[in-house]
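Worksheet: the structure to be examined is printed underneath.
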Amino acid sequence: MTHDEKRFRTGCSEGMEKIACFFRKTSLPERRLVLVVFSLCTAFLFLLFSSKSSPLYPMNDWEDCHCFFTLGRGIRHGMVPYRDLYEQKGPFLYFLYYLAACISETSFTGVFMIEWILFSGFIFESVRIIRLWTNSFFPLILLPLVLYGITSSPAFFHGCSAEEFCLPVLLCSLKISLSACRRERNLSFGEAFLTGICAGICFLVKYTFCGFYIGLGIAHLIRHFHRRQFRSLFSIVSGAIAGFSAILLPFLLWYAYVGGLEALIQAYLYNNITMYSASGNLLSRAISVAYNLVRRNGEWFLPALAGMCWFLWHWKQEMDACLCTLLSVVFLLAAAFGGGVAYTYYYLILCVYAPLGLIPLSRLLEKHFALRLRGGILLSVCLSVVCMAVAAKTGRNTYLVGVAKENLPQYVFAERMSVTKDTRLLNYGFLDGGFYYASGVLPESRYFCQLNIPLVEMVNEQRKLVIDGAIDYVVTRNQDSLPGDHYRKIAESTFYYEGVDQVYTLFEKRGLSQMEE
């Protein structure tokens with residue numbers, strides 16, 4: 001061994017020892033700061049190739065994501081969701097995309113930053129919830145494997161879904177409840193208030209997620225009625241209601257102020273409840289959900305299942321924690337999939353239970369092996385890098401890495417439309433394909449795209465705009481003609497999206513080019 005090699009090894013050893021001493025001697029806030037840094041770094045690594053919103057991609061071409069971003073951009077320019085731009089998700093999600101638009105309207109930098117922060121929160125809470133049952137550092141090694149399973153699964157899809165954004169919110173709520181169960185105490189008013197805030201956020205993102213909180217609430221009701229602790233129960237219920245109201249009321253007041261409250265209730269609640277469902281009996285739905293969980297999302301579902309089985313196995317010792325976990329997952333499943341519609345990304349919300357599978361495995365490993373902090377950190381970093389390398393090679397989204405913006409249909413069409421001032425554009429007959437985003441145009445029609453619900457008014461309004469020739473440019477997908485005779489085809493582009501080649505067509509209003517000249 002050379003002298004330089006000896007110096008390098010000695011320096012590394014001293015560095016790791018200093019880190020270990022830091023953890024042994026520093027206060028809890030300082031340790032949490034280190035955990036925050038660890039979570040941020042790990043989240044960045046796993047999102048870099050898995051999410052299409054990362055800087056490696058020309059843009060996120062997922063249609064749902066563009067629907068949300070169009071709403072966020074619209075809010076920034078004074079438009080009101082549901083009243084001026086019709087969409088199906090909750091207003092808090094559009095508020096997040098509004099923040100992203102404030103950072104950048106012409107790139108996904110802001111979207112990725114929000115996704116990065118929220119996924120870091122999921123990692124942070126994952127470590128904390130596992131360490132309720134173990135004091136070892138094995139979770140640091142095992143967690144990258146679960147994170148890889150989540151971000152590489154079909155449920156992760158393109159990244160930036162409502163499900164992904166709500167994972168840290170649900171996990172924070174679960175950690176609060178399990179911490180109280182583990183320490184055999186009741187929730188404090190502050191903890192109940194924070195849980196209520198989390199429930200309010202989920203309600204204003206996608207209200208079906210509140211099935212999780214219904215199950216969690218029933219579990220706490222059973223606990224308190226069994227122990228006849230009614231005064232404590234009143235404190236918890238009042239705290240949860242106060243937290244929920246603290247999130248909900250500002251949105252309701254703002255919508256009432258801008259005259260959009262009726263549109264909010266009609267679009268987000270009534271239409272989704274009455275129109276967003278599918279046929280099929282309960283048994284066939286349950287079989288379909290179970291098949292997709294095991295066959296297509298086994299990378300993270302099996303750890304989640306292992307965690308729940310461990311709680312059941314230790315029912316007598318962990319009765320309260322088991323009750324909270326099982327009831328929350330049962331009601332979440334019922335709310336999320338009870339309507340019969342189950343898109344690929346719907347399953348991602350169940351990843352909230354994936355970290356629980358590391359509890360029994362960490363406890364098993366710590367009985368047979370000793371692991372120092374420096375070893376845990378080093379192995380965790382190595383595994384994260386390996387997982388990132390595998391994701392770069394085999395990831396379902398990486399086909400788009402390195403593709404120039406100029407080759408995307410969205411930017412090809414944007415270039416063609418740039419000759420027209422104050423361009424009026426319509427995304428006709430399909431979900432928002434990103435053409436508003438690429439061209440920098442804001443929709444003028446409330447029904448700026450066609451969503452996945454049988455809303456006759458939406459179809460008729462889009463058709464009327466085309467027949468009347470009220471729009472400068474119209475973009476279609478896999479549709480070679482338009483109703484009426486006001487438009488002519490000026491560009492066509494084929495691009496791979498979600499497993500097939502999609503044909504996008506740009507139509508221009510007849511006479512528009514001569515008018516511009």
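Letters A, B, ... mark the chains of the structure tokens in the order given; residue numbers begin at 1 per chain; ligand numbers begin at 1, in order shown.
Within 10 Å of region 219-225 of chain A, once only C-alpha atoms are used and residues closer than 3 positions along the same chain are dropped, the contacting residues are Ser177, Cys181, Asn186, Leu187, Tyr213, Ile214, Gly215, Leu216, Arg228, Gln229, Phe230, Arg231, Ser232, Leu233, Phe234, Ile236, Val237, Met319, Asp320, Ala321, Cys322, Leu323, Cys324, Thr325, Leu326, Leu327 and Ser328 of chain A.
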**Report entry** Those in region 75-230 of chain A with alpha helix (DSSP H) from DSSP, as a ChimeraX atom specification
**Finding:** /A:75-76,91-103,109-130,138-151,162-182,189-203,210-227,230
For the residues selected in the previous step, produce a file with C-alpha atoms as a CSV table (one decimal), in the first residue's frame.
```csv
chain,number,residue,atom,x,y,z
A,75,ILE,CA,-54.2,30.9,-11.5
A,76,ARG,CA,-51.0,33.0,-11.9
A,91,PRO,CA,-57.8,23.0,-5.7
A,92,PHE,CA,-54.8,22.4,-3.4
A,93,LEU,CA,-53.1,20.5,-6.2
A,94,TYR,CA,-53.6,23.4,-8.6
A,95,PHE,CA,-52.1,25.7,-5.8
A,96,LEU,CA,-49.0,23.5,-5.8
A,97,TYR,CA,-48.7,23.9,-9.6
A,98,TYR,CA,-49.4,27.6,-9.2
A,99,LEU,CA,-46.3,27.8,-7.0
A,100,ALA,CA,-44.4,25.8,-9.7
A,101,ALA,CA,-45.6,28.3,-12.3
A,102,CYS,CA,-44.3,31.2,-10.2
A,103,ILE,CA,-40.9,29.6,-10.3
A,109,THR,CA,-38.1,23.3,-12.8
A,110,GLY,CA,-40.7,24.4,-10.3
A,111,VAL,CA,-42.7,21.2,-10.6
A,112,PHE,CA,-39.6,19.1,-10.0
A,113,MET,CA,-38.6,21.2,-7.0
A,114,ILE,CA,-42.0,20.6,-5.4
A,115,GLU,CA,-41.9,16.9,-6.2
A,116,TRP,CA,-38.4,16.7,-4.8
A,117,ILE,CA,-39.3,18.4,-1.5
A,118,LEU,CA,-42.4,16.3,-1.1
A,119,PHE,CA,-40.6,13.0,-1.9
A,120,SER,CA,-37.9,14.0,0.6
A,121,GLY,CA,-40.7,14.4,3.2
A,122,PHE,CA,-41.8,10.8,2.4
A,123,ILE,CA,-38.3,9.5,2.9
A,124,PHE,CA,-37.9,11.5,6.1
A,125,GLU,CA,-41.1,10.2,7.6
A,126,SER,CA,-40.3,6.6,6.4
A,127,VAL,CA,-37.1,6.6,8.5
A,128,ARG,CA,-38.9,8.0,11.5
A,129,ILE,CA,-41.8,5.5,11.4
A,130,ILE,CA,-39.4,2.5,11.1
A,138,PHE,CA,-30.5,-1.1,9.0
A,139,PRO,CA,-33.4,1.1,7.7
A,140,LEU,CA,-30.8,3.3,6.0
A,141,ILE,CA,-29.6,0.4,4.0
A,142,LEU,CA,-33.0,-1.2,3.3
A,143,LEU,CA,-34.9,2.0,2.4
A,144,PRO,CA,-33.2,2.5,-1.0
A,145,LEU,CA,-34.5,-0.9,-2.1
A,146,VAL,CA,-38.1,0.1,-1.3
A,147,LEU,CA,-37.7,3.5,-2.9
A,148,TYR,CA,-36.4,1.9,-6.1
A,149,GLY,CA,-39.4,-0.4,-6.0
A,150,ILE,CA,-41.7,2.6,-5.7
A,151,THR,CA,-40.1,4.8,-8.4
A,162,ALA,CA,-51.7,13.6,-7.0
A,163,GLU,CA,-51.0,10.3,-5.4
A,164,GLU,CA,-47.2,11.0,-5.2
A,165,PHE,CA,-47.7,14.4,-3.8
A,166,CYS,CA,-50.0,13.1,-1.0
A,167,LEU,CA,-47.7,10.2,0.1
A,168,PRO,CA,-45.7,12.3,2.7
A,169,VAL,CA,-49.0,13.8,4.0
A,170,LEU,CA,-50.5,10.4,4.6
A,171,LEU,CA,-47.3,9.0,6.0
A,172,CYS,CA,-47.0,11.9,8.4
A,173,SER,CA,-50.5,11.2,9.7
A,174,LEU,CA,-49.8,7.5,10.0
A,175,LYS,CA,-46.5,8.2,11.9
A,176,ILE,CA,-48.4,10.5,14.4
A,177,SER,CA,-50.9,7.8,15.2
A,178,LEU,CA,-48.4,4.9,15.3
A,179,SER,CA,-46.1,6.9,17.6
A,180,ALA,CA,-49.0,7.4,20.0
A,181,CYS,CA,-49.9,3.7,19.9
A,182,ARG,CA,-46.3,2.6,20.3
A,189,PHE,CA,-54.5,18.4,20.6
A,190,GLY,CA,-51.6,19.5,18.5
A,191,GLU,CA,-51.1,16.1,16.9
A,192,ALA,CA,-54.8,15.9,16.2
A,193,PHE,CA,-54.7,19.4,14.7
A,194,LEU,CA,-51.8,18.4,12.4
A,195,THR,CA,-53.6,15.3,11.4
A,196,GLY,CA,-56.7,17.4,10.6
A,197,ILE,CA,-54.5,19.7,8.4
A,198,CYS,CA,-53.2,16.6,6.6
A,199,ALA,CA,-56.7,15.4,6.0
A,200,GLY,CA,-57.8,18.8,4.7
A,201,ILE,CA,-54.9,18.8,2.2
A,202,CYS,CA,-55.8,15.3,1.0
A,203,PHE,CA,-59.5,16.3,0.7
A,210,CYS,CA,-59.9,10.7,2.9
A,211,GLY,CA,-60.9,7.1,3.2
A,212,PHE,CA,-57.5,6.7,4.9
A,213,TYR,CA,-58.5,9.2,7.6
A,214,ILE,CA,-61.9,7.7,8.1
A,215,GLY,CA,-60.2,4.4,8.9
A,216,LEU,CA,-57.7,6.1,11.2
A,217,GLY,CA,-60.5,8.0,13.0
A,218,ILE,CA,-62.5,4.8,13.6
A,219,ALA,CA,-59.4,3.2,15.0
A,220,HIS,CA,-59.0,6.0,17.5
A,221,LEU,CA,-62.7,5.9,18.4
A,222,ILE,CA,-62.4,2.2,19.2
A,223,ARG,CA,-59.3,2.9,21.4
A,224,HIS,CA,-61.0,5.6,23.4
A,225,PHE,CA,-64.4,3.9,23.8
A,226,HIS,CA,-62.6,0.7,24.9
A,227,ARG,CA,-60.7,2.7,27.6
A,230,PHE,CA,-64.2,10.4,26.5
```
**Report entry** Close residues, Asn292 (chain A) itself excluded, 10 Å, only C-alpha atoms, min 2 positions apart in chain, as a ChimeraX atom specification
**Finding:** /A:154-155,287-290,294-298,301,342,344,347
**Report entry** Point-to-point distance from CA of Phe68 (chain A) to CA of Leu85 (chain A), Å rounded to tenths
**Finding:** 10.5 Å
Query raised in the report: Near Arg463 (chain A), counting only C-alpha atoms, which residues have an atom at most 10 Å away, once you skip same-chain residues fewer than 3 positions from it, shown as an MDAnalysis selection string?
Result: chainID A and resid 428:429 457:460 466:469 482:484
Query raised in the report: Any idea what's packed within 8 Å of Phe448 (chain A), counting only C-alpha atoms, ignoring anything in its chain fewer than 3 positions away? Could you give it as a ChimeraX atom specification?
Result: /A:85-86,426-428,432,443-445,462
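Residues surrounding Val474 (chain A) within 6 Å are Leu425, Leu426, Leu506 and Phe507 of chain A [only C-alpha atoms; sequence separation below 2 positions excluded].
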Put those residues in a file: N, CA and C atoms, as a PDB file, in the first residue's frame.
```
ATOM      1  N   LEU A 425     -55.708  28.895 -29.057  1.00  0.00           N
ATOM      2  CA  LEU A 425     -55.433  27.470 -29.299  1.00  0.00           C
ATOM      3  C   LEU A 425     -56.463  26.608 -28.585  1.00  0.00           C
ATOM      4  N   LEU A 426     -56.796  25.482 -29.200  1.00  0.00           N
ATOM      5  CA  LEU A 426     -57.695  24.513 -28.574  1.00  0.00           C
ATOM      6  C   LEU A 426     -57.099  23.118 -28.683  1.00  0.00           C
ATOM      7  N   LEU A 506     -51.860  19.427 -36.337  1.00  0.00           N
ATOM      8  CA  LEU A 506     -52.121  20.849 -36.093  1.00  0.00           C
ATOM      9  C   LEU A 506     -52.952  21.397 -37.245  1.00  0.00           C
ATOM     10  N   PHE A 507     -54.092  21.983 -36.889  1.00  0.00           N
ATOM     11  CA  PHE A 507     -54.967  22.630 -37.868  1.00  0.00           C
ATOM     12  C   PHE A 507     -54.917  24.135 -37.673  1.00  0.00           C
TER      13      PHE A 507
END
```
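Nearest residue to Asp61 (chain A) among A:Gly74, A:Gly434, A:Gly239, A:Gly357 is A:Gly434, counting only C-alpha atoms.
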**Report entry** Residue nearest Phe49 (chain A) - candidates A:Gln266, A:Thr394, A:Thr505, A:Asn135, atoms counted: only C-alpha atoms
**Finding:** A:Thr394
Query raised in the report: Closest to Leu361 (chain A) among A:Tyr276, A:Glu415, A:Phe337, A:Thr134, using only C-alpha atoms?
Result: A:Thr134
Query raised in the report: Which residues come within 10 Å of region 408-411 of chain A, counting only C-alpha atoms, excluding same-chain residues fewer than 2 positions away, as number ranges by chain?
Result: A: 58-59, 61, 400, 403-406, 413-417, 433-439, 475, 491-496, 503-506
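Closest approach to Glu299 (chain A) among A:Phe156, A:Phe311, A:Phe430, A:Tyr346 is made by A:Phe156 (distances from only C-alpha atoms).
The space separating CA of Pro360 (chain A) from CA of Ala306 (chain A) comes to 8.1 Å.
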